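> Below you'll find entry-v2.cif; it's mmCIF, C-alpha atoms.
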```cif
data_start
loop_
_atom_site.group_PDB
_atom_site.id
_atom_site.type_symbol
_atom_site.label_atom_id
_atom_site.label_comp_id
_atom_site.auth_asym_id
_atom_site.auth_seq_id
_atom_site.Cartn_x
_atom_site.Cartn_y
_atom_site.Cartn_z
ATOM 1 C CA MET A 8 372.085 64.087 220.411
ATOM 2 C CA LEU A 9 373.229 61.991 217.450
ATOM 3 C CA LYS A 10 373.526 63.362 213.926
ATOM 4 C CA LEU A 11 371.532 61.760 211.172
ATOM 5 C CA ILE A 12 373.550 59.564 208.865
ATOM 6 C CA GLN A 13 373.700 61.054 205.386
ATOM 7 C CA PRO A 14 373.323 58.595 202.545
ATOM 8 C CA ILE A 15 376.260 59.035 200.218
ATOM 9 C CA SER A 16 376.909 56.969 197.136
ATOM 10 C CA LYS A 17 380.238 55.301 196.485
ATOM 11 C CA LYS A 18 380.746 57.609 193.502
ATOM 12 C CA ASN A 19 380.319 60.645 195.751
ATOM 13 C CA GLN A 20 382.777 59.144 198.241
ATOM 14 C CA VAL A 21 385.341 58.798 195.443
ATOM 15 C CA VAL A 22 384.613 62.364 194.245
ATOM 16 C CA LEU A 23 385.143 63.699 197.769
ATOM 17 C CA ALA A 24 388.341 61.684 198.281
ATOM 18 C CA ILE A 25 389.897 62.950 195.040
ATOM 19 C CA LYS A 26 388.705 66.520 195.618
ATOM 20 C CA ASP A 27 390.097 66.480 199.176
ATOM 21 C CA ALA A 28 393.451 65.224 197.852
ATOM 22 C CA ILE A 29 393.521 68.048 195.291
ATOM 23 C CA LEU A 30 392.578 70.723 197.828
ATOM 24 C CA ALA A 31 395.105 69.367 200.358
ATOM 25 C CA GLY A 32 397.862 69.435 197.738
ATOM 26 C CA THR A 33 398.417 65.672 197.787
ATOM 27 C CA ILE A 34 397.561 65.714 194.087
ATOM 28 C CA THR A 35 398.964 68.936 192.650
ATOM 29 C CA PRO A 36 397.896 71.031 189.649
ATOM 30 C CA GLY A 37 399.185 69.515 186.437
ATOM 31 C CA ASP A 38 399.523 66.021 187.919
ATOM 32 C CA GLN A 39 398.392 63.150 185.726
ATOM 33 C CA ILE A 40 395.587 61.109 187.297
ATOM 34 C CA VAL A 41 395.907 57.381 186.651
ATOM 35 C CA GLU A 42 392.500 55.783 187.093
ATOM 36 C CA SER A 43 393.829 52.340 188.022
ATOM 37 C CA LYS A 44 396.168 53.791 190.663
ATOM 38 C CA ILE A 45 393.378 55.882 192.241
ATOM 39 C CA ALA A 46 391.018 52.879 192.193
ATOM 40 C CA GLN A 47 393.610 50.725 193.928
ATOM 41 C CA GLN A 48 394.350 53.385 196.569
ATOM 42 C CA LEU A 49 390.642 53.871 197.318
ATOM 43 C CA GLY A 50 389.699 50.203 197.100
ATOM 44 C CA SER A 51 387.151 50.867 194.389
ATOM 45 C CA GLY A 52 386.645 49.914 190.770
ATOM 46 C CA ILE A 53 387.980 51.793 187.765
ATOM 47 C CA PRO A 54 384.471 52.522 186.387
ATOM 48 C CA LEU A 55 383.610 54.261 189.670
ATOM 49 C CA VAL A 56 386.761 56.393 189.421
ATOM 50 C CA ARG A 57 385.880 57.279 185.812
ATOM 51 C CA GLU A 58 382.421 58.450 186.904
ATOM 52 C CA ALA A 59 383.976 60.509 189.683
ATOM 53 C CA LEU A 60 386.449 62.108 187.280
ATOM 54 C CA ILE A 61 383.593 63.099 184.970
ATOM 55 C CA GLU A 62 381.921 64.819 187.921
ATOM 56 C CA LEU A 63 385.177 66.533 188.892
ATOM 57 C CA GLU A 64 385.649 67.662 185.294
ATOM 58 C CA HIS A 65 382.219 69.308 185.398
ATOM 59 C CA GLN A 66 383.233 71.024 188.638
ATOM 60 C CA GLY A 67 386.482 72.258 187.077
ATOM 61 C CA PHE A 68 388.919 70.303 189.250
ATOM 62 C CA VAL A 69 390.307 68.116 186.455
ATOM 63 C CA GLN A 70 390.692 68.297 182.680
ATOM 64 C CA LYS A 71 390.374 65.359 180.302
ATOM 65 C CA THR A 72 392.436 65.464 177.141
ATOM 66 C CA PRO A 73 391.737 62.865 174.440
ATOM 67 C CA TYR A 74 394.570 60.337 174.073
ATOM 68 C CA LYS A 75 396.486 61.976 176.938
ATOM 69 C CA GLY A 76 394.370 61.282 180.004
ATOM 70 C CA THR A 77 393.192 63.329 182.946
ATOM 71 C CA THR A 78 395.176 65.999 184.762
ATOM 72 C CA VAL A 79 394.474 68.249 187.720
ATOM 73 C CA THR A 80 393.436 71.691 186.535
ATOM 74 C CA LYS A 81 395.973 74.455 187.020
ATOM 75 C CA LEU A 82 394.044 77.274 188.647
ATOM 76 C CA GLY A 83 395.052 80.868 189.104
ATOM 77 C CA PRO A 84 393.691 83.152 191.834
ATOM 78 C CA LYS A 85 390.870 84.346 189.553
ATOM 79 C CA GLU A 86 389.679 80.810 188.783
ATOM 80 C CA ILE A 87 389.865 79.802 192.442
ATOM 81 C CA ARG A 88 387.660 82.766 193.409
ATOM 82 C CA GLU A 89 385.143 81.892 190.680
ATOM 83 C CA ILE A 90 384.900 78.257 191.751
ATOM 84 C CA PHE A 91 384.602 79.269 195.389
ATOM 85 C CA GLN A 92 381.816 81.748 194.596
ATOM 86 C CA LEU A 93 379.948 79.123 192.581
ATOM 87 C CA ARG A 94 380.210 76.608 195.373
ATOM 88 C CA VAL A 95 378.988 79.079 198.011
#
```
Would you put the structure from the file into structure tokens?


Amino acid sequence: MLKLIQPISKKNQVVLAIKDAILAGTITPGDQIVESKIAQQLGSGIPLVREALIELEHQGFVQKTPYKGTTVTKLGPKEIREIFQLRV
């Protein structure tokens, strides 16, 4: 039997791609995220990447610092457990 196709917005696709890269270690804690580079790699627009980064900031995966940009959040074991519990 076939599975139903789940509608997923482009923003959510970008969120999942960046989150997967963070969880896989491709983008490591403390790394600077360059919106234009991510957009080019994913074949999307910069505004879409910005929206995705806002979502990821709300989820705790990245931190935005005014005039410095966006970096991957450095998480300790305690923070990882808290995020995991919230997601479950």

> Would you kindly return, as a ChimeraX atom specification, each protein, DNA or RNA residue with an atom no farther than 10 Å from any atom of A:Leu23, considering all atoms listed in the file and excluding same-chain residues fewer than 6 positions away?

/A:17,29,59,63

> Skipping near chain neighbours, those fewer than 5 positions away, what residues fall within 12 Å of A:Leu49 using only C-alpha atoms, listed as a PyMOL selection string?

chain A and resi 17-18+20-25+28+42-44+55-56

> Just the number, please: distance in Å from atom CA of A:Val69 to atom CA of A:Ser16, one decimal.

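Atom-to-atom, atom CA of A:Val69 to atom CA of A:Ser16, that is 20.4 Å.
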
> So, counting only C-alpha atoms, which residue among A:Pro54, A:Gly67, A:Gly83, A:Gly76 is closest to A:Val41?

A:Gly76

> Evaluate the PyMOL selection byres ((chain A and resi 81) around 7) on the structure here and hand back the selected residues as a list in words.

Pro36, Gly37, Val79, Thr80, Leu82 and Gly83 of chain A

> Between A:Ile45, A:Gly50, A:Gln66, A:Leu60, which one has atoms that come closest to A:Leu93, using only C-alpha atoms?

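Ranked by minimum distance to A:Leu93, first place goes to A:Gln66.
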
> Just give me the gap between atom CA of A:Arg88 and atom CA of A:Phe68 in Å, one decimal is fine.

13.2 Å

> Which is closer to A:Ile34 than all the others in A:Gln13, A:Asn19, A:Thr78, A:Thr72, using only C-alpha atoms?

A:Thr78

> Take atom CA of A:Glu64 and atom CA of A:Gln47 and report the distance between them in Å, one decimal.

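These atoms are spaced 20.6 Å apart.
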
> Specify the axis-aligned box that encloses all atoms of stretch 8-17 of chain A listed in the file after padding of 5 Å on each side, stating its centre and edge lengths in Å to one decimal as JSON.


```
{"center_x": 375.9, "center_y": 59.7, "center_z": 208.4, "size_x": 18.7, "size_y": 18.8, "size_z": 33.9}
```
